[in-house]
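Chemist: Handing over work-v6.cif, mmCIF, C-alpha atoms.
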data_final
#
loop_
_atom_site.label_atom_id
_atom_site.label_comp_id
_atom_site.auth_asym_id
_atom_site.auth_seq_id
_atom_site.Cartn_x
_atom_site.Cartn_y
_atom_site.Cartn_z
CA MET A 1 -15.18 -14.90 5.10
CA SER A 2 -11.77 -16.62 5.22
CA ILE A 3 -8.88 -14.17 5.46
CA LEU A 4 -5.29 -15.40 5.22
CA VAL A 5 -2.57 -13.42 7.01
CA VAL A 6 0.92 -13.89 5.56
CA THR A 7 3.80 -12.69 7.72
CA SER A 8 7.08 -13.74 9.37
CA GLU A 9 8.97 -12.91 12.54
CA ARG A 10 12.04 -12.73 10.30
CA PHE A 11 10.92 -9.29 9.08
CA ALA A 12 12.22 -7.91 12.40
CA GLY A 13 15.74 -8.70 11.17
CA HIS A 14 15.76 -5.63 8.90
CA THR A 15 17.35 -3.11 11.27
CA PRO A 16 17.86 0.50 10.19
CA PRO A 17 19.98 2.68 12.51
CA PRO A 18 18.68 3.42 16.04
CA GLY A 19 15.99 6.09 16.07
CA HIS A 20 14.80 5.33 12.54
CA PRO A 21 10.97 5.41 12.31
CA GLU A 22 10.84 2.16 10.32
CA ARG A 23 12.08 0.17 13.31
CA PRO A 24 11.92 -3.56 14.06
CA GLU A 25 9.28 -2.97 16.76
CA ARG A 26 6.80 -2.46 13.94
CA GLN A 27 7.13 -6.16 13.21
CA ASP A 28 6.42 -6.96 16.85
CA VAL A 29 3.07 -5.25 16.32
CA MET A 30 2.38 -7.23 13.16
CA ASP A 31 3.34 -10.47 14.91
CA ALA A 32 0.94 -9.67 17.75
CA VAL A 33 -1.90 -8.92 15.32
CA ALA A 34 -1.21 -12.18 13.47
CA SER A 35 -1.13 -14.13 16.73
CA GLN A 36 -4.45 -12.66 17.79
CA TRP A 37 -5.87 -13.48 14.36
CA ARG A 38 -4.74 -17.10 14.72
CA ALA A 39 -6.10 -17.32 18.27
CA HIS A 40 -9.55 -16.42 16.92
CA GLY A 41 -9.40 -19.13 14.28
CA GLY A 42 -7.92 -17.12 11.43
CA LEU A 43 -5.45 -18.46 8.89
CA VAL A 44 -1.79 -17.43 9.25
CA ALA A 45 1.03 -18.59 6.95
CA GLU A 46 4.77 -18.08 6.58
CA PRO A 47 5.92 -16.67 3.23
CA ALA A 48 8.45 -18.03 0.78
CA PRO A 49 11.05 -15.69 -0.77
CA ALA A 50 10.10 -14.15 -4.09
CA PRO A 51 12.12 -15.70 -6.94
CA ARG A 52 14.38 -13.45 -8.98
CA GLU A 53 12.01 -13.66 -11.93
CA ALA A 54 9.19 -12.15 -9.88
CA LEU A 55 11.39 -9.24 -8.77
CA ARG A 56 12.62 -8.61 -12.33
CA ARG A 57 9.07 -7.99 -13.50
CA VAL A 58 9.15 -4.61 -11.73
CA HIS A 59 12.84 -3.92 -10.94
CA SER A 60 15.93 -3.77 -13.11
CA GLU A 61 18.60 -6.44 -12.74
CA ARG A 62 21.14 -3.71 -11.97
CA PHE A 63 19.05 -2.52 -9.04
CA LEU A 64 18.60 -6.05 -7.69
CA GLU A 65 22.32 -6.69 -7.99
CA ALA A 66 23.02 -3.53 -5.97
CA LEU A 67 20.70 -4.69 -3.18
CA GLU A 68 22.25 -8.13 -3.25
CA ALA A 69 25.74 -6.64 -3.08
CA ALA A 70 24.77 -4.95 0.20
CA SER A 71 23.95 -8.32 1.75
CA GLY A 72 25.81 -8.86 5.01
CA ARG A 73 26.46 -5.14 5.45
CA ALA A 74 24.80 -1.99 6.70
CA VAL A 75 24.55 0.46 3.80
CA MET A 76 22.94 3.90 3.45
CA LEU A 77 21.10 3.95 0.13
CA ASP A 78 19.78 7.48 0.62
CA PRO A 79 19.41 9.75 3.69
CA ASP A 80 16.23 7.88 4.73
CA THR A 81 16.86 4.36 3.46
CA TYR A 82 19.25 1.76 4.83
CA THR A 83 20.09 -1.89 4.60
CA SER A 84 21.32 -4.08 7.43
CA PRO A 85 23.14 -7.43 7.08
CA GLU A 86 19.92 -9.45 6.64
CA SER A 87 17.97 -6.92 4.56
CA TRP A 88 18.44 -8.53 1.15
CA ALA A 89 17.07 -11.88 2.34
CA ILE A 90 14.26 -10.19 4.24
CA THR A 91 13.14 -7.98 1.38
CA GLN A 92 12.92 -11.05 -0.89
CA LEU A 93 10.75 -12.61 1.81
CA ALA A 94 8.55 -9.50 2.06
CA ALA A 95 8.00 -9.44 -1.70
CA GLY A 96 7.30 -13.16 -1.53
CA ALA A 97 4.69 -12.58 1.16
CA ALA A 98 2.84 -10.06 -1.02
CA ALA A 99 3.03 -12.29 -4.09
CA GLY A 100 2.05 -15.33 -2.04
CA ALA A 101 -0.99 -13.51 -0.67
CA VAL A 102 -2.13 -12.87 -4.25
CA ASP A 103 -1.50 -16.49 -5.23
CA ALA A 104 -3.53 -17.71 -2.25
CA VAL A 105 -6.50 -15.58 -3.28
CA LEU A 106 -6.29 -16.52 -6.96
CA ASP A 107 -5.96 -20.21 -6.05
CA GLY A 108 -8.99 -20.07 -3.73
CA VAL A 109 -7.02 -20.86 -0.58
CA ALA A 110 -8.66 -17.83 1.04
CA ALA A 111 -11.25 -15.29 0.01
CA ARG A 112 -8.91 -12.40 0.79
CA ALA A 113 -5.37 -12.09 2.16
CA ALA A 114 -3.17 -9.61 4.02
CA ALA A 115 0.63 -9.51 3.79
CA LEU A 116 1.97 -7.90 6.96
CA VAL A 117 5.49 -7.03 5.86
CA ARG A 118 8.43 -4.76 6.37
CA PRO A 119 10.32 -2.98 4.98
CA PRO A 120 7.60 -1.13 3.03
CA GLY A 121 7.88 -0.79 -0.72
CA HIS A 122 5.73 1.83 -2.42
CA HIS A 123 8.43 4.50 -2.85
CA SER A 124 10.79 2.18 -4.75
CA ASN A 125 10.64 2.36 -8.52
CA ARG A 126 12.33 0.16 -11.09
CA ASP A 127 15.86 1.38 -10.33
CA GLN A 128 15.91 3.10 -6.95
CA ALA A 129 15.26 2.36 -3.27
CA ARG A 130 14.09 5.35 -1.23
CA GLY A 131 11.73 6.52 1.49
CA PHE A 132 12.47 3.53 3.79
CA CYS A 133 11.57 1.19 0.89
CA LEU A 134 13.66 -1.48 -0.83
CA VAL A 135 11.69 -3.81 -3.15
CA ASN A 136 8.21 -2.64 -4.16
CA ASN A 137 6.12 -5.42 -2.61
CA ALA A 138 2.72 -4.36 -3.95
CA ALA A 139 4.12 -3.93 -7.46
CA VAL A 140 5.67 -7.41 -7.35
CA ALA A 141 2.30 -8.80 -6.29
CA ALA A 142 0.42 -6.97 -9.06
CA ALA A 143 2.90 -8.01 -11.74
CA GLY A 144 2.62 -11.59 -10.58
CA ALA A 145 -1.14 -11.44 -10.99
CA LEU A 146 -0.75 -10.14 -14.53
CA ASP A 147 1.73 -12.92 -15.27
CA ARG A 148 -0.91 -15.41 -14.16
CA GLY A 149 -3.29 -14.07 -16.79
CA LEU A 150 -5.29 -11.32 -15.10
CA GLU A 151 -6.03 -8.38 -17.37
CA ARG A 152 -7.01 -5.68 -14.86
CA VAL A 153 -5.49 -5.11 -11.42
CA ALA A 154 -6.24 -2.08 -9.23
CA ILE A 155 -3.76 -0.84 -6.63
CA VAL A 156 -5.17 1.63 -4.11
CA ASP A 157 -2.63 3.32 -1.83
CA PHE A 158 -3.88 5.26 1.23
CA ASP A 159 -0.49 5.78 2.89
CA VAL A 160 0.02 9.39 3.98
CA HIS A 161 2.83 9.62 1.41
CA HIS A 162 2.32 9.41 -2.34
CA GLY A 163 2.99 5.95 -3.81
CA ASN A 164 5.43 7.36 -6.33
CA GLY A 165 7.37 4.17 -6.97
CA THR A 166 4.27 2.15 -7.77
CA GLN A 167 3.04 4.93 -10.03
CA GLU A 168 6.34 5.07 -11.93
CA ILE A 169 6.43 1.31 -12.46
CA PHE A 170 2.93 1.12 -13.95
CA GLU A 171 2.27 4.61 -15.31
CA ALA A 172 2.28 3.45 -18.95
CA ASP A 173 0.44 0.17 -18.34
CA PRO A 174 -3.36 0.31 -18.82
CA ARG A 175 -3.75 -3.10 -17.16
CA VAL A 176 -2.92 -1.59 -13.76
CA LEU A 177 -4.99 1.21 -12.23
CA CYS A 178 -2.91 3.05 -9.61
CA VAL A 179 -4.86 5.22 -7.17
CA SER A 180 -3.12 7.17 -4.41
CA THR A 181 -4.64 9.35 -1.70
CA HIS A 182 -1.96 11.25 0.20
CA GLN A 183 -1.06 14.37 2.12
CA TRP A 184 0.01 17.31 -0.05
CA PRO A 185 2.41 19.07 0.05
CA PHE A 186 4.58 16.34 1.56
CA TYR A 187 7.31 13.81 0.82
CA PRO A 188 8.21 12.74 -1.87
CA GLY A 189 6.88 15.83 -3.65
CA THR A 190 4.97 13.93 -6.32
CA GLY A 191 1.33 12.97 -6.71
CA LEU A 192 -0.37 16.07 -8.05
CA ALA A 193 -3.84 15.52 -9.43
CA ASP A 194 -2.66 16.19 -12.99
CA GLU A 195 -0.26 13.24 -12.91
CA VAL A 196 -2.51 10.86 -14.84
CA GLY A 197 -0.08 8.40 -16.43
CA ARG A 198 1.61 8.42 -19.81
CA GLY A 199 1.13 6.88 -23.23
CA PRO A 200 -1.39 4.04 -23.20
CA GLY A 201 -1.56 4.37 -19.41
CA ARG A 202 -3.07 7.86 -19.44
CA GLY A 203 -6.10 7.91 -17.15
CA PHE A 204 -4.99 4.83 -15.25
CA THR A 205 -3.02 6.84 -12.70
CA VAL A 206 -5.35 8.63 -10.28
CA ASN A 207 -3.88 10.94 -7.66
CA VAL A 208 -5.92 12.58 -4.92
CA PRO A 209 -3.68 14.98 -2.99
CA ILE A 210 -5.30 16.09 0.28
CA GLU A 211 -4.41 19.00 2.53
CA ARG A 212 -2.91 18.26 5.95
CA GLY A 213 -5.49 17.81 8.72
CA ALA A 214 -8.06 15.72 6.85
CA THR A 215 -10.40 13.57 8.97
CA ASP A 216 -12.17 10.24 8.61
CA ALA A 217 -15.12 12.07 7.06
CA ASP A 218 -12.88 13.83 4.54
CA TYR A 219 -11.33 10.54 3.46
CA ALA A 220 -14.75 8.90 3.25
CA GLU A 221 -15.84 11.68 0.90
CA VAL A 222 -12.77 11.18 -1.28
CA PHE A 223 -13.37 7.44 -1.45
CA ASP A 224 -17.10 7.76 -2.12
CA GLU A 225 -16.73 10.45 -4.78
CA ILE A 226 -13.48 9.47 -6.56
CA VAL A 227 -11.79 6.25 -5.49
CA VAL A 228 -14.72 3.84 -5.41
CA PRO A 229 -16.37 5.13 -8.63
CA VAL A 230 -13.11 5.02 -10.62
CA VAL A 231 -12.04 1.59 -9.38
CA SER A 232 -15.54 0.24 -9.98
CA ARG A 233 -15.61 1.52 -13.55
CA PHE A 234 -12.17 0.06 -14.18
CA GLY A 235 -13.62 -3.33 -13.24
CA PRO A 236 -10.57 -4.96 -11.64
CA GLU A 237 -10.17 -8.70 -11.37
CA LEU A 238 -8.10 -8.12 -8.21
CA VAL A 239 -7.85 -5.22 -5.76
CA ILE A 240 -4.50 -4.67 -4.01
CA VAL A 241 -4.45 -2.23 -1.08
CA SER A 242 -1.14 -0.51 -0.32
CA ALA A 243 -2.06 0.00 3.31
CA GLY A 244 0.00 2.67 5.00
CA TYR A 245 -1.30 3.71 8.42
CA ASP A 246 0.74 6.90 8.83
CA ALA A 247 -2.31 9.05 8.08
CA HIS A 248 -3.48 8.11 11.60
CA GLU A 249 -4.02 11.09 13.88
CA GLU A 250 -1.32 9.86 16.29
CA ASP A 251 1.36 9.07 13.72
CA PRO A 252 4.58 11.07 14.25
CA LEU A 253 5.39 11.43 10.54
CA GLY A 254 2.07 12.50 9.03
CA GLY A 255 -0.32 15.36 9.61
CA MET A 256 -3.68 13.71 9.00
CA ARG A 257 -6.45 12.84 11.47
CA LEU A 258 -7.62 9.37 10.48
CA THR A 259 -8.57 6.86 13.18
CA ALA A 260 -8.40 3.07 13.24
CA GLU A 261 -12.14 3.02 12.58
CA GLY A 262 -11.58 5.30 9.60
CA PHE A 263 -9.06 2.91 8.10
CA GLY A 264 -11.53 0.10 8.62
CA LEU A 265 -14.11 2.06 6.68
CA LEU A 266 -11.71 2.62 3.75
CA VAL A 267 -10.84 -1.07 3.59
CA ARG A 268 -14.53 -1.97 3.76
CA ARG A 269 -15.22 0.34 0.80
CA LEU A 270 -12.47 -1.32 -1.25
CA CYS A 271 -13.65 -4.81 -0.34
CA GLY A 272 -17.09 -3.77 -1.54
CA VAL A 273 -15.59 -2.97 -4.94
CA ALA A 274 -13.80 -6.32 -4.91
CA ASP A 275 -17.09 -8.06 -4.13
CA ALA A 276 -18.80 -6.31 -7.03
CA CYS A 277 -16.04 -6.63 -9.63
CA ALA A 278 -13.45 -9.21 -8.62
CA SER A 279 -15.33 -12.09 -7.01
CA GLY A 280 -14.29 -10.63 -3.65
CA ARG A 281 -10.58 -10.93 -4.39
CA ALA A 282 -8.68 -8.32 -2.36
CA VAL A 283 -5.14 -8.36 -0.97
CA LEU A 284 -3.76 -5.91 1.60
CA VAL A 285 -0.01 -5.19 1.72
CA THR A 286 1.38 -3.04 4.54
CA GLU A 287 3.34 0.14 3.86
CA GLY A 288 3.94 2.84 6.53
CA GLY A 289 2.56 3.44 10.01
CA TYR A 290 4.92 4.46 12.79
CA HIS A 291 2.89 4.87 15.98
CA LEU A 292 2.87 1.34 17.35
CA ARG A 293 -0.50 1.32 19.12
CA ALA A 294 -2.18 3.12 16.20
CA LEU A 295 -0.65 0.59 13.81
CA ALA A 296 -1.96 -2.32 15.87
CA GLU A 297 -5.47 -0.91 16.10
CA SER A 298 -5.59 0.07 12.43
CA LEU A 299 -4.39 -3.34 11.26
CA ALA A 300 -6.97 -5.07 13.44
CA ALA A 301 -9.73 -2.83 12.08
CA SER A 302 -8.60 -3.53 8.52
CA LEU A 303 -8.64 -7.30 9.00
CA GLN A 304 -12.09 -7.11 10.54
CA ALA A 305 -13.27 -5.07 7.56
CA MET A 306 -11.82 -7.63 5.14
CA ALA A 307 -13.63 -10.39 7.01
CA GLY A 308 -16.89 -8.43 7.03
CA THR A 309 -17.01 -8.15 10.81
CA ALA A 310 -16.33 -4.41 11.12
CA PRO A 311 -19.38 -2.28 11.92
CA PRO A 312 -21.00 -0.87 8.77
CA GLY A 313 -22.19 2.66 8.33
CA PRO A 314 -20.68 5.99 9.41
CA VAL A 315 -17.38 6.19 11.22
CA PRO A 316 -18.15 6.61 14.94
CA GLY A 317 -16.72 9.60 16.83
CA GLY A 318 -12.99 9.71 16.21
CA SER A 319 -11.61 12.68 14.38
CA GLY A 320 -14.89 14.46 13.79
CA GLY A 321 -16.73 15.59 10.69
CA GLY A 322 -15.58 16.86 7.36
CA THR A 323 -13.36 19.92 7.21
CA GLY A 324 -13.75 20.80 3.53
CA ARG A 325 -10.38 19.25 2.73
CA GLY A 326 -12.07 16.19 1.27
CA ARG A 327 -14.35 18.30 -0.90
CA ALA A 328 -11.39 20.32 -2.23
CA ALA A 329 -9.46 17.13 -2.99
CA VAL A 330 -12.45 15.68 -4.83
CA GLN A 331 -12.74 18.78 -6.99
CA ARG A 332 -9.04 18.69 -7.95
CA ALA A 333 -9.11 15.01 -8.81
CA ARG A 334 -12.38 15.30 -10.69
CA ALA A 335 -11.03 18.09 -12.88
CA ALA A 336 -7.95 16.04 -13.77
CA GLN A 337 -9.76 12.74 -14.33
CA ALA A 338 -12.93 13.93 -16.07
CA PRO A 339 -11.47 13.37 -19.57
CA PHE A 340 -10.88 9.71 -18.74
CA TRP A 341 -13.83 8.74 -16.53
CA ARG A 342 -17.16 10.02 -17.85
CA GLY A 343 -19.69 11.05 -15.29
CA LEU A 344 -17.13 11.39 -12.50
#
Would you encode the structure as structure tokens?

Modeler:
Amino acid sequence: MSILVVTSERFAGHTPPPGHPERPERQDVMDAVASQWRAHGGLVAEPAPAPREALRRVHSERFLEALEAASGRAVMLDPDTYTSPESWAITQLAAGAAAGAVDAVLDGVAARAAALVRPPGHHSNRDQARGFCLVNNAAVAAAGALDRGLERVAIVDFDVHHGNGTQEIFEADPRVLCVSTHQWPFYPGTGLADEVGRGPGRGFTVNVPIERGATDADYAEVFDEIVVPVVSRFGPELVIVSAGYDAHEEDPLGGMRLTAEGFGLLVRRLCGVADACASGRAVLVTEGGYHLRALAESLAASLQAMAGTAPPGPVPGGSGGGTGRGRAAVQRARAAQAPFWRGL
């Protein structure tokens, strides 16, 4: 299956202060993964910047003007989130990579696509940058798909942190199903199971908070019992994966025990839904992941899963069997979502 990787060495030009976890070396990893993908015959493309209109679909003009005003300077937006002189240009390019990956899939250029970008985006809502994030790349991509005429888009976020910004942008929009699995309690303090959306979007926000220490087997249980059934019943025309790899067992920020093979399994499950509901159309957009070797291995496993070359079946070895954390998370999510998804 043809998989397009969209990325740029320019993403390394976003430079938070020394010692910041979201460091330029993360892009070195993404560049190496893309180079290896190309060396094995895969498709790799440079992105174009997202036009202002695409950004305005999910962000306010006032917010965009504030980011633009920081161009050429280093600015602290909150205690975790910074710009550097090139950040405004780079974040437009990152959003453009995510949107371009969606366009490539919808136009039939590739069966699936992966946007390997930084800075990440899922904590940014319509008016605020936070949690290392500037523009919400996955949200820009989803809104672009809706603008092209799609009626149902699913965003599944397996970053160790709750995708609060994406949730806030789409929480009243029944055209976008937002699913987030994340460590709880943890930053940013949102993502309880009873956060289910508002107004016409009630039931189209699905949160699965999971206790620290969950393993590959726990996540597999959550996906098999909650994520895959809900996304399948939603029947998306496109699946977007907000792929944060900071739930890896070696990541310095999280407290989960996922392995690269475990991430591959999750991506394979989501691609299976895309095959069944969306003519195979799936797009991966990177979020967190701060241990460089773990990031490289997890990205490689995800691309292999998207291409259908990852080994099927149970996750081998790795972080061991289920701990009960997955079962507890399933029960919480099921109780909250039962009114909206019959038979869950």

Chemist: Excluding Ala145 (chain A) and residues on its chain fewer than 2 positions from it, collect all residues at most 9 Å away from it, counting all atoms listed in the file, and give them as a PyMOL selection string.

Modeler: chain A and resi 99+102-103+106+140-143+147-151+153+238

Chemist: Produce a file of the selected residues containing C-alpha atoms, as a CSV table (one decimal), in the coordinates of the input.

Modeler:
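The resulting part-v8.csv:
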chain,number,residue,atom,x,y,z
A,99,ALA,CA,3.0,-12.3,-4.1
A,102,VAL,CA,-2.1,-12.9,-4.2
A,103,ASP,CA,-1.5,-16.5,-5.2
A,106,LEU,CA,-6.3,-16.5,-7.0
A,140,VAL,CA,5.7,-7.4,-7.4
A,141,ALA,CA,2.3,-8.8,-6.3
A,142,ALA,CA,0.4,-7.0,-9.1
A,143,ALA,CA,2.9,-8.0,-11.7
A,147,ASP,CA,1.7,-12.9,-15.3
A,148,ARG,CA,-0.9,-15.4,-14.2
A,149,GLY,CA,-3.3,-14.1,-16.8
A,150,LEU,CA,-5.3,-11.3,-15.1
A,151,GLU,CA,-6.0,-8.4,-17.4
A,153,VAL,CA,-5.5,-5.1,-11.4
A,238,LEU,CA,-8.1,-8.1,-8.2

Chemist: Determine the nearest neighbour of Glu25 (chain A) from the options A:Pro200, A:Arg293, A:Val330, A:Cys271, counting only C-alpha atoms.

Modeler: A:Arg293

Chemist: Applying the PyMOL selection byres ((chain A and resi 113-117) around 9) to the file I just gave you, which residues come out? Please list them as a ChimeraX atom specification.

Modeler: /A:2-8,11,27,30-31,34,47,91,93-95,97-102,104-105,110-112,118-120,137,281-287,299,303,306

Chemist: What's the separation between CA of Gly42 (chain A) and CA of His291 (chain A), in Å to one decimal place?

Modeler: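 So the answer is 24.9 Å.
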
Chemist: Could you tell me, as a PyMOL selection string, exactly which residues end up selected when the PyMOL selection byres ((chain A and resi 278) around 9) is applied to this structure?

Modeler: chain A and resi 235-239+273-277+279-282

Chemist: What is the CA of Gly213 (chain A)-CA of Val160 (chain A) distance in Å, reported with one decimal?

Modeler: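 These atoms are spaced 11.1 Å apart.
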
Chemist: What lies within 8 Å of Leu265 (chain A) using all atoms listed in the file, ignoring chain neighbours under 2 positions off, as an MDAnalysis selection string?

Modeler: chainID A and resid 220 261:263 267:269 305 312 315

Chemist: Which value, in Å to one decimal, gives the distance between CA of Gln183 (chain A) and CA of Arg198 (chain A)?

Modeler: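 These two atoms are separated by 22.9 Å.
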
Chemist: Hey, what's within 9 Å of Arg26 (chain A) if we count all atoms listed in the file and toss same-chain stuff fewer than 2 positions away? As a CSV table (one decimal) with C-alpha atoms, in the frame of the given file, please?

Modeler:
chain,number,residue,atom,x,y,z
A,12,ALA,CA,12.2,-7.9,12.4
A,22,GLU,CA,10.8,2.2,10.3
A,23,ARG,CA,12.1,0.2,13.3
A,24,PRO,CA,11.9,-3.6,14.1
A,28,ASP,CA,6.4,-7.0,16.8
A,29,VAL,CA,3.1,-5.2,16.3
A,30,MET,CA,2.4,-7.2,13.2
A,31,ASP,CA,3.3,-10.5,14.9
A,118,ARG,CA,8.4,-4.8,6.4
A,289,GLY,CA,2.6,3.4,10.0
A,290,TYR,CA,4.9,4.5,12.8
A,291,HIS,CA,2.9,4.9,16.0
A,292,LEU,CA,2.9,1.3,17.4
A,295,LEU,CA,-0.6,0.6,13.8
A,296,ALA,CA,-2.0,-2.3,15.9

Chemist: Give me, as a VMD selection string, all polymer residues having an atom no more than 8 Å from Arg334 (chain A), counting all atoms listed in the file and skipping those fewer than 4 positions away in the same chain.

Modeler: chain A and resid 226 330 338 344

Chemist: Could you tell me which of A:Ala217, A:Val156, A:Ala139, A:Ala172 comes closest to Thr323 (chain A) if we count only C-alpha atoms?

Modeler: A:Ala217

Chemist: When the PyMOL selection byres ((chain A and resi 174) around 7) is applied to the file above, which residues end up in the set, as a list of chain:residue names?

Modeler: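 On the file shown, the PyMOL selection byres ((chain A and resi 174) around 7) covers A:Ala172, A:Asp173, A:Arg175, A:Val176, A:Leu177, A:Pro200, A:Gly201, A:Phe204.
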
Chemist: Up to 9 Å from (2.7, 9.6, 3.9) in the file's coordinates: name the residues, counting all atoms listed in the file, as a PyMOL selection string.

Modeler: chain A and resi 158-163+182-183+186-188+244-247+253-255+288-289

Chemist: Can you sort out the box for region 290-309 of chain A, edges along x, y and z, all listed atoms in, 6 Å on every side, with centre and edge lengths in Å to one decimal, as AutoDock Vina command-line options?

Modeler:
--center_x -6.0 --center_y -2.8 --center_z 12.1 --size_x 33.9 --size_y 27.3 --size_z 26.0

Chemist: Closest to His248 (chain A) among A:Pro339, A:Glu221, A:Glu297, A:Glu46, using only C-alpha atoms?

Modeler: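 Of A:Pro339, A:Glu221, A:Glu297, A:Glu46, the one nearest His248 (chain A), counting only C-alpha atoms, is A:Glu297.
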
Chemist: Which one of A:Pro18, A:Pro209, A:Gly144, A:Pro85 sits closest to Gln331 (chain A) if you count only C-alpha atoms?

Modeler: A:Pro209

Chemist: Measuring atom to atom with only C-alpha atoms, identify which of A:Ala301, A:Val135, A:Ala260, A:Ala329 is nearest to Val222 (chain A).

Modeler: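 Looking only at the distances to Val222 (chain A), the closest residue turns out to be A:Ala329.
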
Chemist: Of the candidates A:Ala214, A:Leu77, A:Cys133, A:Ala89, which one gets nearest to Arg325 (chain A) if we count all atoms listed in the file?

Modeler: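 Going through A:Ala214, A:Leu77, A:Cys133, A:Ala89 one by one, the smallest distance to Arg325 (chain A) is for A:Ala214.
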